[in-house]
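S.K.: Input my_file11.cif, format and content: mmCIF, C-alpha atoms and all ligand atoms.
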```
data_work
loop_
_atom_site.label_atom_id
_atom_site.label_comp_id
_atom_site.auth_asym_id
_atom_site.auth_seq_id
_atom_site.Cartn_x
_atom_site.Cartn_y
_atom_site.Cartn_z
CA MET M 4 -21.52 -6.09 22.20
CA THR M 5 -18.79 -7.03 19.72
CA LYS M 6 -16.49 -4.19 18.84
CA LYS M 7 -16.90 -2.66 15.40
CA ARG M 8 -13.63 -3.36 13.67
CA VAL M 9 -12.17 -2.45 10.29
CA ASP M 10 -9.04 -3.11 8.20
CA LEU M 11 -7.97 -0.11 6.16
CA HIS M 12 -4.83 -1.39 4.44
CA ILE M 13 -5.27 -4.35 2.11
CA HIS M 14 -3.44 -5.40 -1.05
CA THR M 15 -5.03 -7.66 -3.65
CA ALA M 16 -3.73 -9.47 -6.70
CA ALA M 17 -4.43 -6.22 -8.60
CA SER M 18 -1.04 -5.15 -7.18
CA ASP M 19 1.34 -7.34 -5.18
CA GLY M 20 -1.17 -9.12 -2.96
CA GLN M 21 -2.09 -12.73 -3.53
CA GLN M 22 -5.82 -12.71 -2.86
CA SER M 23 -8.50 -11.66 -5.31
CA ALA M 24 -11.00 -8.98 -4.32
CA HIS M 25 -13.58 -11.73 -3.78
CA GLU M 26 -11.29 -13.65 -1.44
CA VAL M 27 -10.49 -10.49 0.50
CA VAL M 28 -14.18 -9.70 0.94
CA GLN M 29 -14.92 -13.27 2.03
CA ARG M 30 -12.13 -13.17 4.59
CA ALA M 31 -13.30 -9.79 5.92
CA LEU M 32 -16.83 -11.18 6.34
CA ASP M 33 -15.46 -14.27 8.09
CA ARG M 34 -13.57 -12.01 10.47
CA GLY M 35 -16.71 -9.98 11.16
CA LEU M 36 -15.29 -6.69 9.91
CA LEU M 37 -17.55 -3.73 9.27
CA ALA M 38 -15.40 -1.99 6.65
CA ILE M 39 -12.26 -2.62 4.63
CA ALA M 40 -10.18 -0.37 2.41
CA ILE M 41 -8.60 -1.72 -0.76
CA THR M 42 -5.23 0.04 -0.99
CA ASP M 43 -3.28 -1.48 -3.86
CA HIS M 44 0.05 -0.01 -4.95
CA ASP M 45 -0.53 2.14 -8.05
CA SER M 46 -3.81 0.40 -8.92
CA VAL M 47 -7.52 0.87 -8.32
CA ALA M 48 -8.54 -2.12 -10.43
CA ALA M 49 -9.82 -4.27 -7.55
CA ILE M 50 -12.15 -1.70 -5.99
CA ASP M 51 -15.21 -2.31 -8.16
CA HIS M 52 -14.74 -6.09 -7.83
CA ALA M 53 -14.68 -5.74 -4.04
CA ILE M 54 -17.77 -3.51 -4.04
CA CYS M 55 -19.54 -6.05 -6.22
CA ALA M 56 -18.49 -8.98 -4.02
CA ALA M 57 -19.60 -7.16 -0.86
CA ARG M 58 -23.01 -6.08 -2.19
CA GLY M 59 -25.79 -7.02 0.21
CA SER M 60 -23.38 -8.25 2.90
CA GLY M 61 -23.23 -5.06 4.94
CA LEU M 62 -19.44 -4.88 4.52
CA GLU M 63 -18.42 -1.37 3.56
CA ILE M 64 -15.68 -0.96 0.94
CA ILE M 65 -13.51 2.15 1.21
CA PRO M 66 -11.76 2.95 -2.08
CA GLY M 67 -8.07 3.60 -1.64
CA VAL M 68 -4.66 3.54 -3.25
CA GLU M 69 -1.08 3.42 -1.97
CA LEU M 70 1.32 5.77 -3.75
CA SER M 71 5.09 5.81 -3.49
CA VAL M 72 6.86 9.06 -2.88
CA ASP M 73 10.46 9.56 -3.74
CA ASP M 74 11.65 12.43 -1.60
CA ASP M 75 15.02 12.92 -0.08
CA GLY M 76 15.88 9.26 -0.72
CA ALA M 77 13.19 8.06 1.72
CA ASP M 78 10.66 5.47 0.54
CA VAL M 79 7.56 7.28 1.75
CA HIS M 80 4.21 5.55 1.15
CA LEU M 81 1.06 7.63 1.09
CA LEU M 82 -2.41 6.15 1.32
CA GLY M 83 -5.20 7.94 -0.48
CA TYR M 84 -8.61 7.14 1.02
CA LEU M 85 -12.10 7.75 -0.33
CA VAL M 86 -10.55 8.82 -3.62
CA ASN M 87 -12.67 9.25 -6.71
CA TYR M 88 -11.08 6.17 -8.25
CA ARG M 89 -12.59 6.82 -11.65
CA ALA M 90 -11.08 10.30 -11.97
CA PRO M 91 -9.05 10.61 -15.21
CA THR M 92 -6.23 12.47 -13.45
CA LEU M 93 -5.71 9.57 -11.06
CA LEU M 94 -6.00 6.93 -13.78
CA ARG M 95 -3.49 8.81 -15.94
CA GLU M 96 -0.93 8.99 -13.15
CA ILE M 97 -1.47 5.34 -12.27
CA ARG M 98 -0.87 4.33 -15.90
CA ARG M 99 2.34 6.35 -15.87
CA PHE M 100 3.55 4.53 -12.73
CA GLN M 101 2.58 1.20 -14.24
CA ARG M 102 4.69 1.89 -17.34
CA ALA M 103 7.60 3.01 -15.17
CA ARG M 104 7.27 -0.12 -13.06
CA TYR M 105 7.45 -2.28 -16.18
CA HIS M 106 10.70 -0.61 -17.29
CA ARG M 107 12.10 -0.91 -13.79
CA GLY M 108 11.19 -4.60 -13.83
CA GLN M 109 13.22 -5.02 -17.00
CA LYS M 110 16.18 -3.32 -15.31
CA ILE M 111 15.87 -5.65 -12.32
CA VAL M 112 15.81 -8.67 -14.63
CA ASP M 113 18.87 -7.31 -16.50
CA LYS M 114 20.72 -6.96 -13.21
CA LEU M 115 19.74 -10.47 -12.19
CA ASN M 116 20.98 -11.78 -15.55
CA GLN M 117 24.30 -10.02 -15.01
CA LEU M 118 24.49 -11.75 -11.64
CA GLY M 119 24.14 -15.11 -13.36
CA VAL M 120 20.44 -15.59 -12.61
CA ASP M 121 18.83 -16.54 -15.89
CA LEU M 122 15.35 -15.22 -15.12
CA GLN M 123 13.18 -14.10 -18.03
CA MET M 124 10.90 -11.07 -18.04
CA GLU M 125 8.12 -13.29 -19.45
CA THR M 126 8.22 -15.44 -16.30
CA VAL M 127 7.85 -12.37 -14.12
CA MET M 128 5.04 -10.94 -16.27
CA ALA M 129 3.17 -14.25 -16.17
CA ILE M 130 3.09 -13.91 -12.38
CA ALA M 131 2.23 -10.19 -12.32
CA GLY M 132 -0.53 -10.51 -14.92
CA GLU M 133 -2.32 -7.16 -15.20
CA ALA M 134 -0.89 -5.88 -11.91
CA PRO M 135 1.65 -3.06 -11.78
CA LEU M 136 4.96 -4.90 -11.64
CA GLY M 137 6.52 -4.99 -8.19
CA ARG M 138 9.47 -6.64 -6.53
CA PRO M 139 7.18 -9.27 -4.93
CA HIS M 140 6.37 -10.59 -8.42
CA VAL M 141 10.08 -10.87 -9.19
CA ALA M 142 10.60 -12.58 -5.84
CA ASP M 143 7.79 -15.05 -6.62
CA ALA M 144 9.43 -15.78 -9.98
CA LEU M 145 12.81 -16.39 -8.32
CA VAL M 146 11.16 -18.84 -5.92
CA ARG M 147 9.22 -20.58 -8.69
CA GLU M 148 12.35 -20.99 -10.83
CA GLU M 149 14.21 -22.20 -7.74
CA TYR M 150 16.90 -19.54 -7.81
CA VAL M 151 16.13 -18.96 -4.13
CA GLY M 152 14.64 -21.14 -1.44
CA SER M 153 12.14 -18.58 -0.16
CA TYR M 154 10.47 -15.25 -0.79
CA ARG M 155 12.42 -13.75 2.08
CA GLU M 156 15.69 -14.97 0.58
CA ALA M 157 14.82 -13.31 -2.76
CA PHE M 158 14.75 -9.93 -0.99
CA ALA M 159 17.79 -10.63 1.17
CA ARG M 160 19.99 -11.83 -1.71
CA TYR M 161 18.74 -9.82 -4.67
CA LEU M 162 15.85 -7.39 -4.35
CA GLY M 163 16.10 -5.63 -0.99
CA TYR M 164 17.21 -2.03 -0.60
CA HIS M 165 20.93 -2.78 -0.34
CA ALA M 166 20.90 -5.92 -2.47
CA PRO M 167 22.62 -6.14 -5.88
CA ALA M 168 19.51 -6.24 -8.12
CA TYR M 169 17.76 -3.37 -6.37
CA VAL M 170 16.45 -0.67 -8.69
CA PRO M 171 14.62 2.34 -7.22
CA LYS M 172 11.19 3.16 -8.55
CA ILE M 173 10.04 6.50 -9.75
CA GLY M 174 7.63 8.25 -7.50
CA LEU M 175 5.97 11.57 -7.09
CA THR M 176 7.28 14.16 -4.71
CA ALA M 177 5.35 14.29 -1.44
CA GLN M 178 3.74 17.51 -2.55
CA GLU M 179 2.62 16.03 -5.87
CA ALA M 180 1.23 12.91 -4.20
CA ILE M 181 -0.76 14.84 -1.59
CA GLU M 182 -2.04 17.22 -4.24
CA LEU M 183 -3.03 14.30 -6.48
CA ILE M 184 -4.96 12.60 -3.66
CA HIS M 185 -6.72 15.85 -2.76
CA SER M 186 -7.47 16.62 -6.40
CA VAL M 187 -9.48 13.40 -6.62
CA GLN M 188 -11.36 14.16 -3.38
CA GLY M 189 -9.25 11.78 -1.31
CA VAL M 190 -7.76 11.96 2.16
CA ALA M 191 -3.95 11.63 2.42
CA VAL M 192 -2.47 9.41 5.13
CA LEU M 193 1.16 8.52 5.82
CA ALA M 194 1.48 4.72 5.69
CA HIS M 195 3.32 2.73 8.37
CA PRO M 196 5.40 5.64 9.77
CA ALA M 197 7.35 3.37 12.14
CA VAL M 198 8.50 1.26 9.18
CA LEU M 199 9.59 4.44 7.42
CA GLY M 200 11.36 5.66 10.54
CA ARG M 201 11.49 9.29 9.40
CA ASP M 202 9.46 11.23 11.94
CA ASP M 203 11.50 14.28 10.93
CA LEU M 204 9.50 14.36 7.68
CA ILE M 205 6.11 14.54 9.42
CA PRO M 206 6.03 18.32 10.08
CA PHE M 207 6.99 18.88 6.44
CA LEU M 208 4.19 16.54 5.24
CA VAL M 209 1.70 18.26 7.54
CA GLU M 210 2.70 21.56 5.98
CA LEU M 211 1.90 20.04 2.58
CA GLY M 212 -1.59 19.05 3.72
CA LEU M 213 -1.18 15.55 5.11
CA ASP M 214 -4.45 14.48 6.75
CA GLY M 215 -3.53 11.46 8.83
CA LEU M 216 -1.11 8.87 10.19
CA GLU M 217 -1.46 5.11 10.01
CA ALA M 218 -0.99 4.47 13.72
CA TYR M 219 -2.22 0.85 13.68
CA HIS M 220 -0.15 -1.45 11.50
CA VAL M 221 1.06 -5.03 11.79
CA ARG M 222 4.62 -3.86 12.03
CA HIS M 223 3.87 -1.28 14.73
CA ASP M 224 4.32 -2.53 18.27
CA THR M 225 2.29 -1.13 21.16
CA GLU M 226 4.83 1.59 21.79
CA ALA M 227 4.87 2.69 18.14
CA ARG M 228 1.08 2.74 18.05
CA ARG M 229 0.93 4.93 21.15
CA HIS M 230 3.62 7.18 19.77
CA TYR M 231 1.77 7.82 16.49
CA LEU M 232 -1.59 8.23 18.23
CA ARG M 233 0.09 10.91 20.32
CA LEU M 234 1.80 12.56 17.33
CA ALA M 235 -1.47 12.58 15.39
CA ASN M 236 -3.14 14.28 18.30
CA CYS M 237 -0.32 16.83 18.44
CA TYR M 238 -0.60 17.74 14.76
CA GLY M 239 -4.39 17.54 14.53
CA LEU M 240 -4.19 14.52 12.21
CA LEU M 241 -6.64 11.66 12.01
CA VAL M 242 -5.48 8.08 12.51
CA THR M 243 -6.07 4.97 10.43
CA GLY M 244 -4.84 1.42 10.54
CA GLY M 245 -4.73 -1.86 8.78
CA SER M 246 -2.99 -5.15 8.31
CA ASP M 247 -1.16 -4.24 5.06
CA CYS M 248 -1.83 -7.85 4.17
CA HIS M 249 -0.37 -9.16 0.92
CA GLY M 250 -1.29 -12.83 1.32
CA THR M 251 0.54 -15.80 2.73
CA ARG M 252 4.02 -15.61 1.22
CA PHE M 253 5.68 -16.01 4.61
CA GLY M 254 3.79 -19.23 5.19
CA GLN M 255 1.54 -17.66 7.81
CA GLU M 256 -2.20 -17.18 7.77
CA THR M 257 -3.32 -13.94 6.09
CA MET M 258 -3.17 -11.01 8.50
CA LEU M 259 -6.39 -9.51 7.14
CA GLY M 260 -8.56 -8.33 10.01
CA LYS M 261 -6.14 -9.53 12.68
CA LEU M 262 -5.47 -6.05 13.96
CA SER M 263 -8.00 -4.29 16.13
CA VAL M 264 -8.71 -1.08 14.25
CA PRO M 265 -11.79 0.79 15.47
CA TYR M 266 -14.59 1.92 13.16
CA HIS M 267 -14.21 5.54 14.25
CA CYS M 268 -11.18 5.70 11.89
CA VAL M 269 -13.65 5.43 9.01
CA THR M 270 -15.89 8.10 10.49
CA ALA M 271 -12.85 10.38 10.81
CA LEU M 272 -11.89 9.80 7.15
CA LYS M 273 -15.39 10.72 6.00
CA LYS M 274 -15.46 13.79 8.18
CA ARG M 275 -12.09 14.91 6.86
CA LYS M 276 -13.24 14.39 3.28
CA ARG M 277 -16.29 16.58 3.91
CA TRP M 278 -14.06 19.19 5.50
CA LEU M 279 -11.64 19.16 2.53
CA GLN M 280 -14.55 19.48 0.13
CA SER M 281 -16.05 22.37 1.99
CA GLY M 282 -12.96 24.25 0.77
CA SER M 283 -11.44 24.84 4.19
P1 LIG T 1 8.03 -2.29 -4.95
O1 LIG T 1 6.81 -1.42 -4.82
O2 LIG T 1 8.09 -2.97 -6.26
O3 LIG T 1 9.31 -1.59 -4.57
O4 LIG T 1 7.84 -3.46 -3.88
C1 LIG T 1 7.57 -3.11 -2.56
C2 LIG T 1 6.81 -4.25 -1.92
O5 LIG T 1 7.71 -5.35 -1.76
C3 LIG T 1 6.31 -3.93 -0.53
O6 LIG T 1 5.02 -3.37 -0.57
C4 LIG T 1 6.26 -5.30 0.09
O7 LIG T 1 5.10 -5.94 -0.38
C5 LIG T 1 7.47 -5.99 -0.53
N1 LIG T 1 8.74 -5.88 0.22
C6 LIG T 1 9.56 -4.81 0.28
N2 LIG T 1 10.67 -5.11 1.00
C7 LIG T 1 10.54 -6.39 1.39
C8 LIG T 1 11.36 -7.28 2.15
N3 LIG T 1 12.54 -6.91 2.64
N4 LIG T 1 10.91 -8.53 2.36
C9 LIG T 1 9.73 -8.92 1.85
N5 LIG T 1 8.91 -8.14 1.12
C10 LIG T 1 9.31 -6.88 0.89
FE FE T 2 3.38 -4.26 -1.24
FE FE T 3 3.50 0.42 2.07
ZN ZN T 4 0.79 -1.48 1.69
#
```
Here is the file; what I need is its structure written in the form of structure tokens.
Ligand code: AMP
Ligand code: FE
Ligand code: FE
Ligand code: ZN

M.R.:
Amino acid sequence: MTKKRVDLHIHTAASDGQQSAHEVVQRALDRGLLAIAITDHDSVAAIDHAICAARGSGLEIIPGVELSVDDDGADVHLLGYLVNYRAPTLLREIRRFQRARYHRGQKIVDKLNQLGVDLQMETVMAIAGEAPLGRPHVADALVREEYVGSYREAFARYLGYHAPAYVPKIGLTAQEAIELIHSVQGVAVLAHPAVLGRDDLIPFLVELGLDGLEAYHVRHDTEARRHYLRLANCYGLLVTGGSDCHGTRFGQETMLGKLSVPYHCVTALKKRKRWLQSGS
């Protein structure tokens, strides 16, 4: 019997991914996945499109969102799964982040201009479209206007954490983000903890109500995966996993569905959601 596999971390063009919801669904079907989660940064705009595209195919769409937390200088990403993505509280917060991202984008462009890179905000916005503005859109614009030779170079020279056009983004505190996810009936999971590299924060997040760890991730090697499976077990957390695919900017094939994430992660999310709703 083929294993039931899922991919619970996918970005679409509704944030900084390159594929539309339809393309993502098609790829997931091609890969024989049973469920996918759409987890755009600060956006839930692709979820209904994915549900629509998957109708009748048997592919299950898990609504999700990836929120940025700004705590203690660490760039913590929290995934909210099975959220009520139509809830006004969530939509209001998302709109607030989107506005903040636009202003941050302007600051990044200003910095680039001061560095002698004559990039225009209009060029960046034409690439971002309706999506909340992210550094990948700026990187794409720098490549398109030939200020850099590659997407990777855009981050290395200008946009990366220690690079000269870096501007931090506003985020919620961890407590606010977990509370927001729970307030819209979602399940809160710490994204790619090995990329974050701040295991010291995990007990604190658990205290705040964190529900799970993303143990399976493209940037987690076997050792990291084992480590977070063990930690999750220790803290009574569920585990999730996904490709975190954004498209093909690095010239490779999309990573969607390339990771072997078992279906029982979805069952655990649903169980946790029921448990949270039972008021425990
Ligand atoms: P932002 O949310 O605007 O800060 O952009 C963060 C996104 O940029 C991440 O989700 C990745 O998609 C991408 N990213 C961040 N750092 C790098 C990097 N060093 N190289 C390539 N992409 C990156
Ligand atoms: Fe991203
Ligand atoms: Fe992330
Ligand atoms: Zn992501």

S.K.: Between M:Gly244, M:Pro135, M:Gly76, M:Gly152, which is the closest to Arg228 of chain M once you count only C-alpha atoms?

M.R.: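 Counting only C-alpha atoms, the residue closest to Arg228 of chain M is M:Gly244.
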
S.K.: Restricting the calculation to all atoms listed in the file: of M:Ile13, M:Cys55, M:Met124, M:Ala144, which residue gets closest to Val221 of chain M?

M.R.: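 Looking at the shortest contact to Val221 of chain M, the residue is M:Ile13.
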
S.K.: Would you name the residues within 7 Å of ligand FE 3 (chain T), counting all atoms listed in the file, and put them as a list in words?

M.R.: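 What falls inside 7 Å of ligand FE 3 (chain T) is Glu69, His80, Ala194 and His195 of chain M.
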
S.K.: Quick one: residues within 8 Å of ligand LIG 1 (chain T), with all atoms listed in the file, as a list of chain:residue names?

M.R.: M:Asp19, M:Gly20, M:His44, M:Ser71, M:Arg104, M:Leu136, M:Gly137, M:Arg138, M:Pro139, M:Tyr154, M:Arg155, M:Phe158, M:Ala159, M:Leu162, M:Gly163, M:Tyr164, M:Pro171, M:Lys172, M:His249

S.K.: Find the residues of chain M that sit at most 12 Å from ligand ZN 4 (chain T); for each, write down the nearest two atoms and how far apart they are in Å, to one decimal. Count only C-alpha atoms and all ligand atoms. Sort by chain, then by number going up, and give it as a tab-separated table.

M.R.:
```
residue	atom	partner	partner_atom	distance
M:Asp10	CA	T:ZN4	ZN	11.9
M:Leu11	CA	T:ZN4	ZN	9.9
M:His12	CA	T:ZN4	ZN	6.3
M:Ile13	CA	T:ZN4	ZN	6.7
M:His14	CA	T:ZN4	ZN	6.4
M:Thr15	CA	T:ZN4	ZN	10.0
M:Ser18	CA	T:ZN4	ZN	9.8
M:Asp19	CA	T:ZN4	ZN	9.0
M:Gly20	CA	T:ZN4	ZN	9.2
M:Ala40	CA	T:ZN4	ZN	11.0
M:Ile41	CA	T:ZN4	ZN	9.7
M:Thr42	CA	T:ZN4	ZN	6.8
M:Asp43	CA	T:ZN4	ZN	6.9
M:His44	CA	T:ZN4	ZN	6.8
M:Asp45	CA	T:ZN4	ZN	10.5
M:Ser46	CA	T:ZN4	ZN	11.7
M:Gly67	CA	T:ZN4	ZN	10.7
M:Val68	CA	T:ZN4	ZN	8.9
M:Glu69	CA	T:ZN4	ZN	6.4
M:Leu70	CA	T:ZN4	ZN	9.1
M:Ser71	CA	T:ZN4	ZN	9.9
M:Val79	CA	T:ZN4	ZN	11.1
M:His80	CA	T:ZN4	ZN	7.8
M:Leu81	CA	T:ZN4	ZN	9.1
M:Leu82	CA	T:ZN4	ZN	8.3
M:Gly83	CA	T:ZN4	ZN	11.4
M:Gly137	CA	T:ZN4	ZN	11.9
M:Val192	CA	T:ZN4	ZN	11.9
M:Leu193	CA	T:ZN4	ZN	10.8
M:Ala194	CA	T:ZN4	ZN	7.4
M:His195	CA	T:ZN4	ZN	8.3
M:Pro196	CA	T:ZN4	ZN	11.7
M:Val198	CA	T:ZN4	ZN	11.1
M:Glu217	CA	T:ZN4	ZN	10.8
M:His220	CA	T:ZN4	ZN	9.9
M:Val221	CA	T:ZN4	ZN	10.7
M:Arg222	CA	T:ZN4	ZN	11.3
M:Gly244	CA	T:ZN4	ZN	10.9
M:Gly245	CA	T:ZN4	ZN	9.0
M:Ser246	CA	T:ZN4	ZN	8.5
M:Asp247	CA	T:ZN4	ZN	4.8
M:Cys248	CA	T:ZN4	ZN	7.3
M:His249	CA	T:ZN4	ZN	7.8
M:Gly250	CA	T:ZN4	ZN	11.5
```

S.K.: For atom CA of His140 of chain M and atom CA of Leu122 of chain M, determine how far apart the two atoms are, in Å to one decimal place.

M.R.: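 Computed distance, atom CA of His140 of chain M to atom CA of Leu122 of chain M, equals 12.1 Å.
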